[in-house]
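Chemist: Input structure: entry39.csv, which contains CSV, C-alpha atoms.
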chain,number,residue,atom,x,y,z
A,1,MET,CA,-8.6,3.8,4.9
A,2,PHE,CA,-8.9,4.9,1.3
A,3,GLY,CA,-6.9,3.3,-1.4
A,4,ARG,CA,-3.7,4.9,-2.8
A,5,ARG,CA,-4.1,7.3,-5.6
A,6,ARG,CA,-2.9,6.3,-9.1
A,7,GLY,CA,-3.5,9.4,-11.2
A,8,GLY,CA,-7.3,9.8,-11.2
A,9,GLN,CA,-7.9,6.4,-9.6
A,10,ALA,CA,-7.4,4.5,-6.4
A,11,ALA,CA,-6.1,1.0,-5.7
A,12,GLY,CA,-8.7,-1.1,-3.9
A,13,THR,CA,-7.9,-3.5,-1.1
A,14,ALA,CA,-8.0,-6.5,-3.4
A,15,GLY,CA,-5.5,-4.9,-5.7
A,16,ARG,CA,-8.1,-3.7,-8.3
A,17,VAL,CA,-7.9,-0.1,-9.5
A,18,VAL,CA,-11.1,1.8,-8.9
A,19,PRO,CA,-12.2,5.3,-9.9
A,20,LEU,CA,-12.0,8.0,-7.2
A,21,ASP,CA,-15.2,8.6,-5.4
A,22,PRO,CA,-16.5,12.1,-6.4
A,23,ASP,CA,-17.6,12.5,-2.8
A,24,ARG,CA,-14.3,11.5,-1.3
A,25,SER,CA,-13.4,15.0,0.0
A,26,LEU,CA,-16.9,15.4,1.5
A,27,VAL,CA,-16.7,12.0,3.1
A,28,ARG,CA,-13.3,12.7,4.6
A,29,ALA,CA,-14.5,16.0,5.9
A,30,ALA,CA,-17.5,14.4,7.6
A,31,GLN,CA,-15.4,11.6,9.0
A,32,ALA,CA,-13.1,14.2,10.6
A,33,ASP,CA,-16.0,16.5,11.8
A,34,PRO,CA,-19.6,14.9,11.8
A,35,ALA,CA,-21.0,18.4,11.7
A,36,ARG,CA,-19.9,18.5,8.0
A,37,PHE,CA,-22.0,15.5,7.2
A,38,ASP,CA,-24.7,18.2,6.3
A,39,ALA,CA,-23.1,18.6,2.8
A,40,LEU,CA,-23.6,15.0,2.0
A,41,TYR,CA,-27.1,15.1,3.4
A,42,ARG,CA,-28.1,18.1,1.3
A,43,LYS,CA,-26.5,16.5,-1.8
A,44,TYR,CA,-28.4,13.2,-1.6
A,45,VAL,CA,-31.6,13.8,0.5
A,46,ALA,CA,-33.8,14.2,-2.6
A,47,GLN,CA,-32.4,11.1,-4.2
A,48,VAL,CA,-32.9,8.9,-1.1
A,49,TYR,CA,-36.4,10.3,-0.6
A,50,SER,CA,-37.2,9.6,-4.2
A,51,PHE,CA,-36.0,6.0,-4.0
A,52,ALA,CA,-37.9,5.5,-0.8
A,53,TYR,CA,-41.1,7.0,-2.1
A,54,HIS,CA,-41.1,4.9,-5.3
A,55,GLU,CA,-40.7,1.8,-3.2
A,56,LEU,CA,-43.2,2.6,-0.4
A,57,GLY,CA,-45.7,4.8,-2.2
A,58,ASP,CA,-46.3,7.0,0.9
A,59,HIS,CA,-44.8,10.4,1.5
A,60,HIS,CA,-44.7,10.0,5.3
A,61,GLU,CA,-43.1,6.6,5.2
A,62,ALA,CA,-40.6,7.9,2.6
A,63,GLU,CA,-39.7,10.8,4.8
A,64,ASP,CA,-39.2,8.5,7.8
A,65,VAL,CA,-37.0,6.1,5.8
A,66,THR,CA,-35.0,9.0,4.5
A,67,GLU,CA,-34.2,10.4,7.9
A,68,ARG,CA,-33.4,7.0,9.3
A,69,THR,CA,-31.2,6.3,6.4
A,70,PHE,CA,-29.1,9.4,7.0
A,71,LEU,CA,-29.0,8.7,10.8
A,72,LEU,CA,-27.7,5.2,10.1
A,73,ALA,CA,-25.2,6.5,7.5
A,74,LEU,CA,-23.9,9.2,9.9
A,75,GLY,CA,-23.4,6.6,12.6
A,76,ALA,CA,-21.6,4.2,10.3
A,77,LEU,CA,-19.6,6.8,8.4
A,78,PRO,CA,-16.4,6.2,10.5
A,79,ARG,CA,-16.5,2.6,9.2
A,80,PHE,CA,-17.1,3.5,5.5
A,81,ARG,CA,-14.5,2.1,3.2
A,82,GLU,CA,-14.1,2.8,-0.5
A,83,GLU,CA,-14.1,-0.9,-1.3
A,84,ALA,CA,-16.1,-2.8,-3.9
A,85,PRO,CA,-16.9,-6.5,-3.6
A,86,SER,CA,-14.6,-8.7,-5.7
A,87,ASP,CA,-17.5,-9.5,-8.0
A,88,ALA,CA,-18.8,-6.0,-8.4
A,89,GLY,CA,-17.9,-3.2,-10.7
A,90,PRO,CA,-15.6,-0.4,-9.4
A,91,GLU,CA,-18.5,2.1,-9.1
A,92,ALA,CA,-19.9,-0.1,-6.3
A,93,SER,CA,-17.3,1.4,-4.0
A,94,THR,CA,-18.8,4.9,-4.0
A,95,PHE,CA,-20.5,6.7,-1.1
A,96,ARG,CA,-23.7,7.1,-3.1
A,97,VAL,CA,-24.0,3.4,-3.6
A,98,TRP,CA,-23.2,2.7,0.0
A,99,LEU,CA,-25.9,5.2,1.1
A,100,LEU,CA,-28.5,3.8,-1.2
A,101,ARG,CA,-27.7,0.3,0.0
A,102,ILE,CA,-28.5,1.5,3.5
A,103,ALA,CA,-31.7,3.0,2.2
A,104,ARG,CA,-32.6,-0.3,0.5
A,105,ASN,CA,-32.2,-2.1,3.8
A,106,THR,CA,-34.1,0.6,5.7
A,107,ILE,CA,-37.0,0.3,3.3
A,108,ALA,CA,-37.0,-3.5,3.7
A,109,ASN,CA,-37.2,-3.1,7.5
A,110,GLN,CA,-40.0,-0.5,7.1
A,111,ARG,CA,-42.0,-2.8,5.0
A,112,ARG,CA,-41.7,-5.5,7.7
A,113,THR,CA,-43.3,-3.1,10.2
A,114,LEU,CA,-46.3,-2.2,8.1
A,115,ARG,CA,-49.5,-4.1,8.7
A,116,ARG,CA,-50.4,-3.9,5.0
A,117,ARG,CA,-48.4,-3.3,1.9
A,118,PRO,CA,-49.1,0.1,0.5
A,119,ALA,CA,-50.1,0.5,-3.1
A,120,THR,CA,-47.2,2.1,-4.8
A,121,THR,CA,-48.2,5.0,-7.0
A,122,LEU,CA,-45.6,6.0,-9.6
A,123,ASP,CA,-47.8,8.4,-11.6
A,124,ALA,CA,-46.0,11.3,-10.0
A,125,ILE,CA,-42.8,10.6,-11.8
A,126,GLY,CA,-44.3,10.4,-15.3
A,127,GLU,CA,-42.8,13.6,-16.4
A,128,THR,CA,-39.3,12.7,-15.2
A,129,ALA,CA,-39.3,9.4,-17.0
A,130,GLY,CA,-39.4,10.4,-20.6
A,131,ALA,CA,-38.5,8.3,-23.6
A,132,ASP,CA,-35.7,10.4,-25.0
A,133,ASP,CA,-33.2,7.5,-24.5
A,134,PRO,CA,-33.5,4.4,-26.7
A,135,GLU,CA,-33.5,2.3,-23.5
A,136,ARG,CA,-36.8,4.0,-22.6
A,137,THR,CA,-38.6,3.2,-25.8
A,138,VAL,CA,-40.7,0.5,-24.1
A,139,LEU,CA,-42.1,3.1,-21.7
A,140,ALA,CA,-43.2,5.4,-24.5
A,141,ARG,CA,-45.7,2.8,-25.8
A,142,ALA,CA,-48.3,4.2,-23.4
A,143,ASP,CA,-48.8,7.3,-21.4
A,144,ALA,CA,-46.5,7.7,-18.4
A,145,SER,CA,-49.0,6.9,-15.8
A,146,ALA,CA,-49.9,3.5,-17.4
A,147,ALA,CA,-46.3,2.7,-17.9
A,148,TRP,CA,-45.2,3.4,-14.4
A,149,ALA,CA,-48.3,1.6,-13.0
A,150,ALA,CA,-46.9,-1.4,-14.8
A,151,VAL,CA,-43.5,-0.8,-13.3
A,152,ALA,CA,-45.2,-0.7,-9.8
A,153,ARG,CA,-46.5,-4.2,-10.5
A,154,LEU,CA,-43.0,-5.6,-11.1
A,155,PRO,CA,-41.6,-7.8,-8.3
A,156,GLY,CA,-38.9,-6.6,-5.9
A,157,ASP,CA,-35.5,-6.1,-7.5
A,158,ARG,CA,-36.9,-5.8,-11.0
A,159,ARG,CA,-38.9,-2.7,-9.9
A,160,ARG,CA,-35.9,-1.3,-7.9
A,161,ALA,CA,-33.6,-1.8,-10.9
A,162,VAL,CA,-36.0,0.2,-13.2
A,163,VAL,CA,-36.4,3.0,-10.6
A,164,LEU,CA,-32.7,3.3,-10.0
A,165,ARG,CA,-31.9,3.2,-13.8
A,166,PHE,CA,-34.6,5.5,-15.1
A,167,VAL,CA,-35.5,7.7,-12.2
A,168,GLU,CA,-32.1,8.0,-10.3
A,169,GLU,CA,-30.2,7.6,-13.6
A,170,MET,CA,-27.6,5.2,-12.0
A,171,SER,CA,-25.3,3.0,-14.1
A,172,THR,CA,-25.6,-0.8,-14.0
A,173,ALA,CA,-22.4,-0.9,-11.9
A,174,GLU,CA,-24.0,1.4,-9.3
A,175,ILE,CA,-27.3,-0.5,-9.3
A,176,ALA,CA,-25.3,-3.7,-8.8
A,177,GLY,CA,-23.7,-2.2,-5.8
A,178,VAL,CA,-27.1,-1.1,-4.3
A,179,LEU,CA,-28.8,-4.4,-5.0
A,180,GLY,CA,-25.9,-6.6,-4.1
A,181,ARG,CA,-25.8,-8.3,-7.5
A,182,SER,CA,-23.4,-8.5,-10.4
A,183,GLU,CA,-23.7,-6.1,-13.3
A,184,GLY,CA,-24.7,-9.0,-15.5
A,185,ALA,CA,-27.5,-9.9,-13.2
A,186,VAL,CA,-28.7,-6.2,-13.2
A,187,ARG,CA,-28.7,-6.2,-17.0
A,188,VAL,CA,-30.9,-9.3,-16.9
A,189,LEU,CA,-33.2,-7.7,-14.4
A,190,LEU,CA,-33.6,-4.6,-16.5
A,191,HIS,CA,-34.2,-6.6,-19.7
A,192,ARG,CA,-36.8,-8.8,-18.1
A,193,ALA,CA,-38.4,-5.9,-16.3
A,194,LEU,CA,-38.9,-3.9,-19.5
A,195,ARG,CA,-40.1,-7.0,-21.4
A,196,THR,CA,-42.7,-7.6,-18.7
A,197,VAL,CA,-43.8,-3.9,-18.7
A,198,ALA,CA,-44.2,-4.1,-22.5
A,199,ARG,CA,-46.2,-7.3,-22.3
A,200,ASP,CA,-48.3,-5.8,-19.5
A,201,LEU,CA,-49.1,-2.6,-21.4
A,202,GLY,CA,-49.9,-4.6,-24.6
A,203,GLU,CA,-52.3,-7.0,-22.8
A,204,ARG,CA,-54.0,-4.1,-21.0
A,205,GLY,CA,-54.3,-2.2,-24.3
A,206,GLU,CA,-55.9,-5.1,-26.0
A,207,THR,CA,-58.6,-5.4,-23.3
A,208,ARG,CA,-59.6,-1.7,-23.5
So, in terms of structure tokens, how does the structure I just supplied come out?
Modeler:
Amino acid sequence: MFGRRRGGQAAGTAGRVVPLDPDRSLVRAAQADPARFDALYRKYVAQVYSFAYHELGDHHEAEDVTERTFLLALGALPRFREEAPSDAGPEASTFRVWLLRIARNTIANQRRTLRRRPATTLDAIGETAGADDPERTVLARADASAAWAAVARLPGDRRRAVVLRFVEEMSTAEIAGVLGRSEGAVRVLLHRALRTVARDLGERGETR
């Protein structure tokens, strides 16, 4: 059951006021008629695939994860609630965050089934990860392929946080919802990740 509207916001179950989910009408329509889930699928299929590909580095595995993510989401949609954890930002209550959380768990399961860990190749996103934003300055220290290769070497959630921030362009609140962490923890992840990337690029540059 969705929270009560207060102007442009909704009241969460814990009494906190959270912004309205921009996908609320699409979610309600799909909950009433599963055939209308197609609108949500078409809206987010590219984003889920992108997230899966940057995590797994294999197009076929990413496609498999994408389809299973949407199948799981469709099955669980009647139970979807616009609720954010008490320690999370209000944006963590949105359908997009919920969907990418399912994708993250599906990716983790996929990895457990692989006999070897695939080498993640992030060169393909070089053009989409420009350095126009001050936050991206560290990535402009080298060409895109070297920078994203350094990102690929980051451990777990540091890598995911960078991909979600700079590829999917999600806010820290949304990333917190996807990763199941606080916004403060996400900021620390991003800071440490970018510092590690800068150090990695510097060290490799010195050895050329």
Chemist: Report, in Å to a single decimal, how far apart atom CA of Ala103 of chain A and atom CA of Leu26 of chain A are.
Modeler: 19.3 Å
Chemist: A:Val97, A:Ile107, A:Ala161, A:Met170: which is nearest Leu190 of chain A, counting all atoms listed in the file?
Modeler: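 Among the listed residues, A:Ala161 lies closest to Leu190 of chain A.
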Chemist: Would you compute the distance between atom CA of Pro22 of chain A and atom CA of Ala185 of chain A? Give it in Å to one decimal.
Modeler: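 Spanning atom CA of Pro22 of chain A to atom CA of Ala185 of chain A is a straight-line distance of 25.5 Å.
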Chemist: Leaving out Thr196 of chain A and any residue of its chain fewer than 6 positions from it, which residues lie within 9 Å of it when counting only C-alpha atoms, given as a ChimeraX atom specification?
Modeler: /A:150-151,154
Chemist: If we count all atoms listed in the file and set the cut-off at 7 Å, which residues sit around Phe95 of chain A, ignoring sequence neighbours fewer than 3 positions away in its own chain? Please answer as a PyMOL selection string.
Modeler: chain A and resi 23+98-99
Chemist: Which residue out of A:Glu67, A:Glu82, A:Glu203, A:Glu55 has the minimum interatomic distance to Leu164 of chain A when only C-alpha atoms are used?
Modeler: A:Glu55
Chemist: Quick one, how far is atom CA of Arg181 of chain A from atom CA of Val167 of chain A?
Modeler: 19.3 Å
Chemist: Determine the nearest neighbour of Leu56 of chain A from the options A:Ala108, A:Ala149, A:Val178, A:Leu201, counting all atoms listed in the file.
Modeler: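 For Leu56 of chain A, the nearest of the given residues is A:Ala108.
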Chemist: List the spatial neighbours of Val163 of chain A as a PDB file with C-alpha atoms, in the frame of the given file - criterion: any atom at most 9 Å away, all atoms listed in the file, same-chain residues fewer than 3 positions off excluded.
Modeler:
ATOM      1  CA  PHE A  51     -36.000   6.000  -4.000  1.00  0.00           C
ATOM      2  CA  HIS A  54     -41.100   4.900  -5.300  1.00  0.00           C
ATOM      3  CA  GLU A  55     -40.700   1.800  -3.200  1.00  0.00           C
ATOM      4  CA  VAL A 151     -43.500  -0.800 -13.300  1.00  0.00           C
ATOM      5  CA  ARG A 158     -36.900  -5.800 -11.000  1.00  0.00           C
ATOM      6  CA  ARG A 159     -38.900  -2.700  -9.900  1.00  0.00           C
ATOM      7  CA  ARG A 160     -35.900  -1.300  -7.900  1.00  0.00           C
ATOM      8  CA  PHE A 166     -34.600   5.500 -15.100  1.00  0.00           C
ATOM      9  CA  VAL A 167     -35.500   7.700 -12.200  1.00  0.00           C
ATOM     10  CA  GLU A 168     -32.100   8.000 -10.300  1.00  0.00           C
ATOM     11  CA  GLU A 169     -30.200   7.600 -13.600  1.00  0.00           C
TER      12      GLU A 169
END
Chemist: List the neighbours of Ala73 of chain A out to 12 Å using all atoms listed in the file; skip same-chain residues closer than 2 positions along the sequence, and give me the result as a PyMOL selection string.
Modeler: chain A and resi 27+30-31+34+37-38+40-41+44-45+48+65-71+75-80+95-103+105-106
Chemist: Using only C-alpha atoms, find the one residue out of A:Glu174, A:Glu183, A:Asp200, A:Asp21 that sits nearest to Ala152 of chain A.
Modeler: A:Asp200
Chemist: Complete the atoms of segment 72-83 of chain A to all heavy atoms and put them out as a tab-separated table (two decimals), keeping the file's coordinate frame.
Modeler:
chain	number	residue	atom	x	y	z
A	72	LEU	N	-28.47	6.43	10.13
A	72	LEU	CA	-27.70	5.20	10.10
A	72	LEU	C	-26.33	5.48	9.38
A	72	LEU	O	-25.27	5.00	9.81
A	72	LEU	CB	-28.42	4.09	9.40
A	72	LEU	CG	-29.60	3.50	10.18
A	72	LEU	CD1	-30.43	2.59	9.28
A	72	LEU	CD2	-29.11	2.72	11.39
A	73	ALA	N	-26.40	6.22	8.28
A	73	ALA	CA	-25.20	6.50	7.50
A	73	ALA	C	-24.21	7.36	8.36
A	73	ALA	O	-23.00	7.12	8.35
A	73	ALA	CB	-25.54	7.25	6.24
A	74	LEU	N	-24.75	8.34	9.08
A	74	LEU	CA	-23.90	9.20	9.90
A	74	LEU	C	-23.22	8.33	11.00
A	74	LEU	O	-22.01	8.47	11.25
A	74	LEU	CB	-24.72	10.28	10.57
A	74	LEU	CG	-23.98	11.21	11.54
A	74	LEU	CD1	-22.83	11.91	10.82
A	74	LEU	CD2	-24.94	12.23	12.13
A	75	GLY	N	-23.98	7.42	11.60
A	75	GLY	CA	-23.40	6.60	12.60
A	75	GLY	C	-22.35	5.62	12.12
A	75	GLY	O	-21.38	5.30	12.81
A	76	ALA	N	-22.55	5.16	10.87
A	76	ALA	CA	-21.60	4.20	10.30
A	76	ALA	C	-20.50	4.83	9.49
A	76	ALA	O	-19.58	4.14	9.05
A	76	ALA	CB	-22.39	3.22	9.39
A	77	LEU	N	-20.54	6.15	9.31
A	77	LEU	CA	-19.60	6.80	8.40
A	77	LEU	C	-18.11	6.56	8.83
A	77	LEU	O	-17.27	6.39	7.94
A	77	LEU	CB	-19.84	8.33	8.41
A	77	LEU	CG	-19.11	9.10	7.31
A	77	LEU	CD1	-19.58	8.64	5.93
A	77	LEU	CD2	-19.35	10.60	7.47
A	78	PRO	N	-17.77	6.50	10.13
A	78	PRO	CA	-16.40	6.20	10.50
A	78	PRO	C	-15.89	4.86	9.91
A	78	PRO	O	-14.69	4.67	9.71
A	78	PRO	CB	-16.36	6.23	11.99
A	78	PRO	CG	-17.50	7.11	12.36
A	78	PRO	CD	-18.56	6.81	11.34
A	79	ARG	N	-16.82	3.95	9.66
A	79	ARG	CA	-16.50	2.60	9.20
A	79	ARG	C	-16.58	2.50	7.65
A	79	ARG	O	-16.30	1.45	7.09
A	79	ARG	CB	-17.36	1.56	9.82
A	79	ARG	CG	-17.24	1.54	11.34
A	79	ARG	CD	-17.96	0.33	11.93
A	79	ARG	NE	-19.39	0.33	11.63
A	79	ARG	CZ	-20.29	1.02	12.33
A	79	ARG	NH1	-19.91	1.79	13.34
A	79	ARG	NH2	-21.57	0.96	12.02
A	80	PHE	N	-17.01	3.59	6.99
A	80	PHE	CA	-17.10	3.50	5.50
A	80	PHE	C	-15.79	3.34	4.88
A	80	PHE	O	-14.82	4.01	5.20
A	80	PHE	CB	-17.78	4.83	4.99
A	80	PHE	CG	-17.74	4.93	3.49
A	80	PHE	CD1	-18.54	4.12	2.70
A	80	PHE	CD2	-16.86	5.80	2.87
A	80	PHE	CE1	-18.49	4.20	1.31
A	80	PHE	CE2	-16.80	5.90	1.48
A	80	PHE	CZ	-17.63	5.09	0.70
A	81	ARG	N	-15.72	2.40	3.96
A	81	ARG	CA	-14.50	2.10	3.20
A	81	ARG	C	-14.79	2.16	1.73
A	81	ARG	O	-15.81	1.63	1.30
A	81	ARG	CB	-13.89	0.77	3.60
A	81	ARG	CG	-13.48	0.66	5.06
A	81	ARG	CD	-12.31	1.57	5.38
A	81	ARG	NE	-11.89	1.43	6.77
A	81	ARG	CZ	-12.35	2.17	7.77
A	81	ARG	NH1	-13.28	3.09	7.54
A	81	ARG	NH2	-11.92	2.00	9.00
A	82	GLU	N	-13.91	2.74	0.97
A	82	GLU	CA	-14.10	2.80	-0.50
A	82	GLU	C	-13.64	1.49	-1.09
A	82	GLU	O	-12.62	1.38	-1.76
A	82	GLU	CB	-13.24	3.97	-1.03
A	82	GLU	CG	-13.76	4.55	-2.32
A	82	GLU	CD	-13.00	5.80	-2.69
A	82	GLU	OE1	-12.90	6.72	-1.86
A	82	GLU	OE2	-12.49	5.84	-3.81
A	83	GLU	N	-14.45	0.47	-0.84
A	83	GLU	CA	-14.10	-0.90	-1.30
A	83	GLU	C	-15.29	-1.48	-2.03
A	83	GLU	O	-16.42	-1.43	-1.56
A	83	GLU	CB	-13.76	-1.77	-0.10
A	83	GLU	CG	-12.58	-1.28	0.72
A	83	GLU	CD	-12.44	-2.04	2.03
A	83	GLU	OE1	-13.27	-2.95	2.27
A	83	GLU	OE2	-11.53	-1.73	2.79
